[in-house]
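Colleague: Contents of my_file.txt (compact mmCIF, C-alpha atoms and all ligand atoms):
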```txt
# COMPACT_ATOMS: atom_id res chain seq x y z
CA MET P 17 -10.03 10.01 -78.09
CA LYS P 18 -10.43 6.37 -77.31
CA ASN P 19 -8.47 5.83 -74.14
CA ILE P 20 -6.53 7.50 -71.39
CA GLU P 21 -3.26 7.43 -73.37
CA ASP P 22 -4.95 9.39 -76.19
CA LEU P 23 -6.21 11.87 -73.63
CA ILE P 24 -2.72 12.30 -72.12
CA GLN P 25 -1.22 12.76 -75.59
CA LYS P 26 -3.86 15.36 -76.50
CA ALA P 27 -3.31 17.26 -73.21
CA VAL P 28 0.47 17.33 -73.81
CA GLU P 29 -0.06 18.45 -77.42
CA LEU P 30 -2.38 21.28 -76.37
CA GLN P 31 0.10 22.37 -73.70
CA SER P 32 2.93 22.43 -76.22
CA ASN P 33 0.71 24.60 -78.44
CA GLY P 34 0.65 27.14 -75.61
CA LEU P 35 -2.70 26.40 -74.00
CA VAL P 36 -2.88 26.80 -70.23
CA THR P 37 -4.57 24.36 -67.85
CA GLY P 38 -8.02 25.99 -67.99
CA GLN P 39 -7.98 26.09 -71.78
CA ILE P 40 -6.93 22.44 -72.03
CA ALA P 41 -9.69 21.56 -69.56
CA ASP P 42 -12.24 23.30 -71.76
CA GLU P 43 -10.95 21.67 -74.93
CA LEU P 44 -11.15 18.19 -73.42
CA ASN P 45 -14.31 18.90 -71.39
CA VAL P 46 -12.67 17.74 -68.17
CA SER P 47 -11.83 19.53 -64.93
CA ARG P 48 -8.59 21.47 -64.36
CA GLU P 49 -7.65 18.89 -61.74
CA THR P 50 -7.88 16.18 -64.38
CA VAL P 51 -5.68 18.15 -66.79
CA THR P 52 -3.03 18.51 -64.09
CA TRP P 53 -3.21 14.77 -63.52
CA LEU P 54 -2.98 13.98 -67.25
CA LEU P 55 0.08 16.22 -67.66
CA THR P 56 1.74 14.77 -64.55
CA ARG P 57 0.98 11.25 -65.70
CA SER P 58 2.72 12.02 -69.01
CA LYS P 59 6.02 12.27 -67.16
CA LYS P 60 7.83 8.98 -66.74
CA GLY P 61 7.72 7.37 -63.33
CA VAL P 62 5.09 9.73 -61.94
CA THR P 63 1.96 8.00 -60.70
CA ALA P 64 -0.76 9.68 -58.72
CA PRO P 65 -4.32 8.51 -58.09
CA ALA P 66 -6.58 9.53 -60.95
CA PRO P 67 -9.22 12.20 -60.20
CA LYS P 68 -12.85 11.18 -60.62
CA ASP P 69 -13.77 12.78 -63.89
CA ILE P 70 -15.25 12.02 -67.28
CA SER P 71 -13.93 13.28 -70.58
CA VAL P 72 -16.65 14.26 -73.04
CA ASN P 73 -15.92 14.21 -76.77
CA TRP P 74 -19.00 15.09 -78.78
CA SER P 75 -17.21 15.86 -82.05
CA SER P 76 -19.10 13.03 -83.82
CA ILE P 77 -22.13 15.33 -83.44
CA GLY P 78 -20.32 18.64 -83.77
CA LYS P 79 -18.67 17.84 -87.10
CA SER P 80 -21.99 17.41 -88.88
CA ALA P 81 -24.62 20.13 -89.34
CA THR P 82 -27.18 17.41 -90.03
CA ARG P 83 -26.47 15.67 -86.74
CA LEU P 84 -26.48 19.00 -84.90
CA HIS P 85 -29.87 19.68 -86.46
CA TYR P 86 -31.33 16.39 -85.24
CA ILE P 87 -29.87 16.85 -81.79
CA SER P 88 -31.26 20.39 -81.64
CA LEU P 89 -34.72 18.96 -82.36
CA ALA P 90 -34.33 16.57 -79.44
CA LEU P 91 -33.27 19.45 -77.18
CA CYS P 92 -36.28 21.50 -78.35
CA ASP P 93 -38.52 18.59 -77.44
CA MET P 94 -37.07 18.63 -73.93
CA VAL P 95 -37.58 22.38 -73.68
CA LEU P 96 -41.22 22.05 -74.72
CA GLU P 97 -41.73 19.35 -72.10
CA THR P 98 -40.47 21.74 -69.42
CA LEU P 99 -42.52 24.64 -70.74
CA GLU P 100 -45.69 22.56 -70.68
CA LYS P 101 -45.21 22.00 -66.96
CA THR P 102 -44.61 25.67 -66.24
CA ASN P 103 -46.99 27.20 -68.81
CA ALA P 104 -44.19 29.51 -69.89
CA GLU P 105 -43.32 30.63 -73.42
CA VAL P 106 -39.84 31.01 -74.78
CA ASP P 107 -38.83 34.38 -76.22
CA VAL P 108 -35.08 33.93 -76.69
CA VAL P 109 -32.67 31.01 -76.97
CA VAL P 110 -29.32 32.03 -75.51
CA GLY P 111 -26.28 30.12 -76.78
CA VAL P 112 -23.22 30.09 -74.52
CA ALA P 113 -20.08 30.71 -76.61
CA ALA P 114 -18.61 28.93 -78.19
CA SER P 115 -19.97 25.42 -78.17
CA GLY P 116 -23.58 26.31 -77.33
CA ILE P 117 -23.93 28.54 -80.40
CA PRO P 118 -24.77 26.13 -83.24
CA LEU P 119 -27.34 24.22 -81.20
CA ALA P 120 -28.94 27.38 -79.79
CA SER P 121 -29.22 28.95 -83.24
CA MET P 122 -30.94 25.88 -84.68
CA MET P 123 -33.20 25.63 -81.64
CA ALA P 124 -34.25 29.29 -81.92
CA ASN P 125 -35.24 28.64 -85.52
CA GLU P 126 -37.25 25.58 -84.53
CA LEU P 127 -38.97 27.26 -81.59
CA GLY P 128 -39.72 30.49 -83.50
CA ALA P 129 -37.76 32.43 -80.88
CA ASP P 130 -34.99 35.03 -81.07
CA PHE P 131 -31.35 33.97 -80.80
CA ALA P 132 -28.92 35.60 -78.39
CA LEU P 133 -25.26 34.90 -77.76
CA TYR P 134 -23.59 34.96 -74.33
CA HIS P 135 -19.81 35.37 -73.89
CA SER P 136 -18.84 33.96 -70.51
CA ARG P 137 -16.24 35.51 -68.22
CA LYS P 138 -13.83 32.67 -68.74
CA GLY P 139 -13.87 33.25 -72.49
CA GLN P 140 -12.28 36.66 -71.91
CA ASP P 141 -8.55 37.04 -72.57
CA VAL P 142 -7.84 38.35 -69.10
CA VAL P 143 -10.43 37.87 -66.40
CA GLN P 144 -10.27 40.68 -63.85
CA PRO P 145 -12.25 40.69 -60.61
CA GLY P 146 -15.60 42.32 -61.31
CA HIS P 147 -15.54 41.45 -65.02
CA LYS P 148 -18.87 40.19 -66.25
CA GLY P 149 -20.03 38.04 -69.11
CA THR P 150 -21.86 39.80 -71.91
CA ILE P 151 -24.67 39.38 -74.40
CA SER P 152 -23.37 40.07 -77.92
CA ARG P 153 -24.85 43.17 -79.50
CA ASN P 154 -24.90 41.47 -82.89
CA PHE P 155 -27.76 39.18 -81.89
CA GLY P 156 -30.97 39.28 -79.84
CA THR P 157 -31.53 41.13 -76.56
CA VAL P 158 -32.74 39.49 -73.35
CA ALA P 159 -34.20 42.18 -71.08
CA GLY P 160 -37.75 41.36 -70.04
CA LYS P 161 -37.70 38.07 -71.95
CA ASN P 162 -38.09 34.39 -71.10
CA CYS P 163 -34.77 32.72 -71.94
CA VAL P 164 -33.68 29.18 -72.68
CA ILE P 165 -29.94 28.74 -72.05
CA VAL P 166 -28.06 26.28 -74.27
CA ASP P 167 -24.57 24.88 -73.74
CA ASP P 168 -22.74 21.69 -74.66
CA VAL P 169 -21.46 20.47 -71.29
CA ILE P 170 -21.91 21.28 -67.61
CA THR P 171 -18.77 20.33 -65.69
CA THR P 172 -18.66 22.29 -62.43
CA GLY P 173 -21.78 24.33 -63.21
CA SER P 174 -19.98 27.63 -62.71
CA THR P 175 -20.62 28.86 -66.27
CA THR P 176 -24.31 27.98 -66.03
CA MET P 177 -24.55 29.77 -62.68
CA GLU P 178 -22.83 32.82 -64.17
CA VAL P 179 -25.16 32.97 -67.20
CA ILE P 180 -28.27 32.66 -65.03
CA GLU P 181 -27.11 35.41 -62.66
CA GLN P 182 -26.09 37.70 -65.50
CA LEU P 183 -29.35 37.25 -67.38
CA ARG P 184 -31.28 38.03 -64.21
CA GLU P 185 -29.19 41.16 -63.69
CA MET P 186 -30.11 42.18 -67.24
CA GLY P 187 -33.79 41.82 -66.40
CA ALA P 188 -34.29 38.52 -68.21
CA LYS P 189 -36.01 35.41 -66.90
CA PRO P 190 -34.05 32.18 -67.43
CA ILE P 191 -36.65 29.40 -67.61
CA VAL P 192 -34.61 26.30 -68.45
CA VAL P 193 -31.01 25.27 -69.18
CA VAL P 194 -30.47 22.61 -71.86
CA VAL P 195 -27.16 20.84 -72.44
CA LEU P 196 -25.88 17.77 -74.22
CA VAL P 197 -24.08 16.36 -71.21
CA ASP P 198 -24.54 17.25 -67.56
CA LYS P 199 -21.52 15.96 -65.64
CA LYS P 200 -22.72 17.58 -62.44
CA GLY P 201 -26.03 15.74 -62.41
CA ALA P 202 -27.97 18.64 -60.92
CA ASP P 203 -31.78 18.98 -61.15
CA THR P 204 -31.55 22.74 -60.92
CA ILE P 205 -28.94 25.49 -60.77
CA ALA P 206 -29.99 28.76 -59.09
CA ASN P 207 -33.59 27.46 -59.19
CA VAL P 208 -33.56 26.98 -62.96
CA PRO P 209 -34.30 23.42 -64.16
CA ILE P 210 -31.48 21.59 -65.99
CA GLN P 211 -32.34 19.37 -68.95
CA SER P 212 -29.67 17.21 -70.55
CA LEU P 213 -29.54 14.52 -73.21
CA VAL P 214 -27.07 12.63 -71.06
CA ARG P 215 -26.75 13.01 -67.33
CA ILE P 216 -23.76 11.61 -65.50
CA VAL P 217 -24.52 10.14 -62.09
CA ARG P 218 -21.73 8.67 -60.00
CA VAL P 219 -22.44 5.46 -58.18
CA ASP P 220 -19.21 5.24 -56.20
O1 LIG O 1 -19.54 23.86 -65.91
P1 LIG O 1 -18.23 24.56 -66.15
O2 LIG O 1 -17.14 24.01 -65.25
O3 LIG O 1 -18.34 26.04 -66.09
O4 LIG O 1 -17.71 24.16 -67.61
C1 LIG O 1 -18.57 24.09 -68.72
C2 LIG O 1 -18.28 25.20 -69.69
O5 LIG O 1 -16.93 25.06 -70.20
C3 LIG O 1 -16.95 25.09 -71.63
O6 LIG O 1 -16.95 26.41 -72.10
P2 LIG O 1 -15.72 27.23 -72.68
O7 LIG O 1 -15.76 28.60 -72.11
O8 LIG O 1 -14.47 26.46 -72.55
O9 LIG O 1 -16.05 27.40 -74.20
P3 LIG O 1 -16.17 26.32 -75.35
O10 LIG O 1 -17.64 26.21 -75.50
O11 LIG O 1 -15.48 26.97 -76.47
O12 LIG O 1 -15.54 25.01 -74.93
C4 LIG O 1 -18.31 24.48 -71.93
O13 LIG O 1 -18.72 24.78 -73.24
C5 LIG O 1 -19.21 25.12 -70.88
O14 LIG O 1 -19.62 26.42 -71.25
```
Could you show the structure in this file as C-alpha cells?
Ligand SMILES: O=P(O)(O)OC[C@H]1O[C@H](OP(=O)(O)OP(=O)(O)O)[C@H](O)[C@@H]1O

Modeller:
Amino acid sequence: MKNIEDLIQKAVELQSNGLVTGQIADELNVSRETVTWLLTRSKKGVTAPAPKDISVNWSSIGKSATRLHYISLALCDMVLETLEKTNAEVDVVVGVAASGIPLASMMANELGADFALYHSRKGQDVVQPGHKGTISRNFGTVAGKNCVIVDDVITTGSTTMEVIEQLREMGAKPIVVVVLVDKKGADTIANVPIQSLVRIVRVD
C-alpha cells in the first residue's frame, strides 16, 4: 500500500470479504479507530479528522524466507545484547501467532533454543470473558524456562501484555520481547524490556 487511498480501498475490500473491524485492523496493522476512519472516509462527502496512526506493511520481508532469515539474525543480535546486560540465558523463543511464528522459529534455531507457539486471546473465534491465550501443545513448553517473546508489530501493547502475563501464570520467565516495529514506543511492558528493529516515536 503506497498511500491513504490504497489503504481505504484495502479496508473496504477486506470488509466486503466479511472481515470485522478488529480483523481489518490486524491485517493492516493499524488501530480499530483508524479502520473506522478509513471505512467512513470511503463514503462520499464524509470527512472526519484522521486519527494519529501508522500503517505497517512488512510484506516485502514476509514474502521472502531469505529476508526473514536475515531479519531474524538481526533480532537475535538484539536479544543477545539484552541478555549480556542481564546475564540471562534463553531457553525458549515464543512466537506469537500468526505473524511472530516464522521469525521466532528461525531465531530459536539460531539461538539453539526451543521454539514455542502462543495463540493470543484475540486469535480465538469467539472471545469470552475469562478466556485465556494458550501455548500450542505441538511445540515447546515454557514452564520454568527463560522466554524470548517474538511478534511482528506492537500497536496498543495489549497482546504483548497478555503474553507476558500468561507466560508468568504458566511459571515461565519472560526476559525480553522482540518485534519488527514498535508503534507504542515503550521501553518495557510489565517490566519486560522491549526491543524493536524500528521504533515509532511521535513528535507532535
Ligand atoms: O499491540 P496490539 O494492539 O495487541 O496489536 C499487535 C498484535 O496484533 C497482531 O496480531 P493478530 O492477532 O492480528 O495476528 P496476526 O499476527 O495474524 O496479524 C500483531 O501480530 C500483534 O500480535

Colleague: How big is the axis-aligned box, and where does its centre sit, when it encloses all atoms of segment 115-120 of chain P listed in the file and has 4 Å added on every side, reported in Å to one decimal as AutoDock Vina command-line options?

Modeller:
```
--center_x -24.5 --center_y 26.4 --center_z -80.3 --size_x 17.0 --size_y 12.3 --size_z 13.9
```

Colleague: Please measure the separation of atom CA of Thr175 of chain P and atom CA of Ser88 of chain P, giving the value in Å to one decimal.

Modeller: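 Straight-line distance from atom CA of Thr175 of chain P to atom CA of Ser88 of chain P works out to 20.5 Å.
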
Colleague: Do you know which residues are within 10 Å of ligand LIG 1 (chain O) using all atoms listed in the file? Can you write them as a ChimeraX atom specification?

Modeller: /P:38-48,111-117,134-140,166-179,195,197-200

Colleague: Out of P:Arg184, P:Lys68, P:Lys60, P:Lys79, which residue has the shortest atom-to-atom distance to Lys161 of chain P when counting all atoms listed in the file?

Modeller: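 Answer, going by the shortest atom-to-atom distance: P:Arg184.
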
Colleague: Have a look at P:Asn33, P:Ser71, P:Val208, P:Ala27 and name the one nearest to Val51 of chain P; count all atoms listed in the file.

Modeller: P:Ala27

Colleague: Hey, can you check how far atom CA of Ala206 of chain P sits from atom CA of Ser75 of chain P?

Modeller: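 That distance, rounded to one decimal, is 29.3 Å.
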
Colleague: Measuring between all atoms listed in the file, which one of P:Ile151, P:Glu126, P:Ser212, P:Arg218 shows the shortest distance to Ala188 of chain P?

Modeller: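 Of the candidates, the smallest distance to Ala188 of chain P is held by P:Ile151.
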
Colleague: I'd like the contact shell of Leu23 of chain P - 10 Å cut-off, only C-alpha atoms, skipping same-chain residues fewer than 2 positions apart - returned as a PyMOL selection string.

Modeller: chain P and resi 17-21+25-29+44+51+54-55+71

Colleague: Report, in Å to a single decimal, how far apart atom CA of Arg153 of chain P and atom CA of Leu119 of chain P are.

Modeller: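 Distance reported for this atom pair: 19.2 Å.
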
Colleague: Measuring atom to atom with all atoms listed in the file, identify which of P:Gln211, P:Asn162, P:Thr50, P:Ser121 is nearest to Val106 of chain P.

Modeller: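 Looking at the shortest contact to Val106 of chain P, the residue is P:Asn162.
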
Colleague: At a cut-off of 12 Å, using all atoms listed in the file, what residues contact Ala129 of chain P? Leave out same-chain residues fewer than 6 positions from it and give the result as a list in words.

Modeller: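 Non-adjacent residues within range: Cys92, Glu105, Val106, Asp107, Val108, Val109, Val110, Ala120, Ser121, Met122, Met123, Gly156, Thr157, Val158, Lys161, Asn162, Cys163 and Val164 of chain P.
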
Colleague: Would you pick out the contacts of Glu97 of chain P at 12 Å or less, using all atoms listed in the file, so that residues sharing its chain but fewer than 6 positions from it are not included, and give the list as a PDB file with C-alpha atoms, keeping the file's coordinate frame?

Modeller:
```
ATOM      1  CA  ALA P  90     -34.330  16.570 -79.440  1.00  0.00           C
ATOM      2  CA  LEU P  91     -33.270  19.450 -77.180  1.00  0.00           C
ATOM      3  CA  ASN P 103     -46.990  27.200 -68.810  1.00  0.00           C
ATOM      4  CA  ALA P 104     -44.190  29.510 -69.890  1.00  0.00           C
ATOM      5  CA  GLU P 105     -43.320  30.630 -73.420  1.00  0.00           C
ATOM      6  CA  VAL P 192     -34.610  26.300 -68.450  1.00  0.00           C
ATOM      7  CA  VAL P 194     -30.470  22.610 -71.860  1.00  0.00           C
ATOM      8  CA  PRO P 209     -34.300  23.420 -64.160  1.00  0.00           C
ATOM      9  CA  GLN P 211     -32.340  19.370 -68.950  1.00  0.00           C
TER      10      GLN P 211
END
```

Colleague: Which of these residues is nearest to Gln31 of chain P, using only C-alpha atoms: P:Phe155, P:Ser58, P:Glu49, P:Lys101?

Modeller: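 Comparing P:Phe155, P:Ser58, P:Glu49, P:Lys101 against Gln31 of chain P, the winner is P:Ser58.
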
Colleague: Here is a test: counting all atoms listed in the file, which residue of P:Met186, P:Leu127, P:Ile77, P:Ile191 is nearest to Thr102 of chain P?

Modeller: P:Ile191
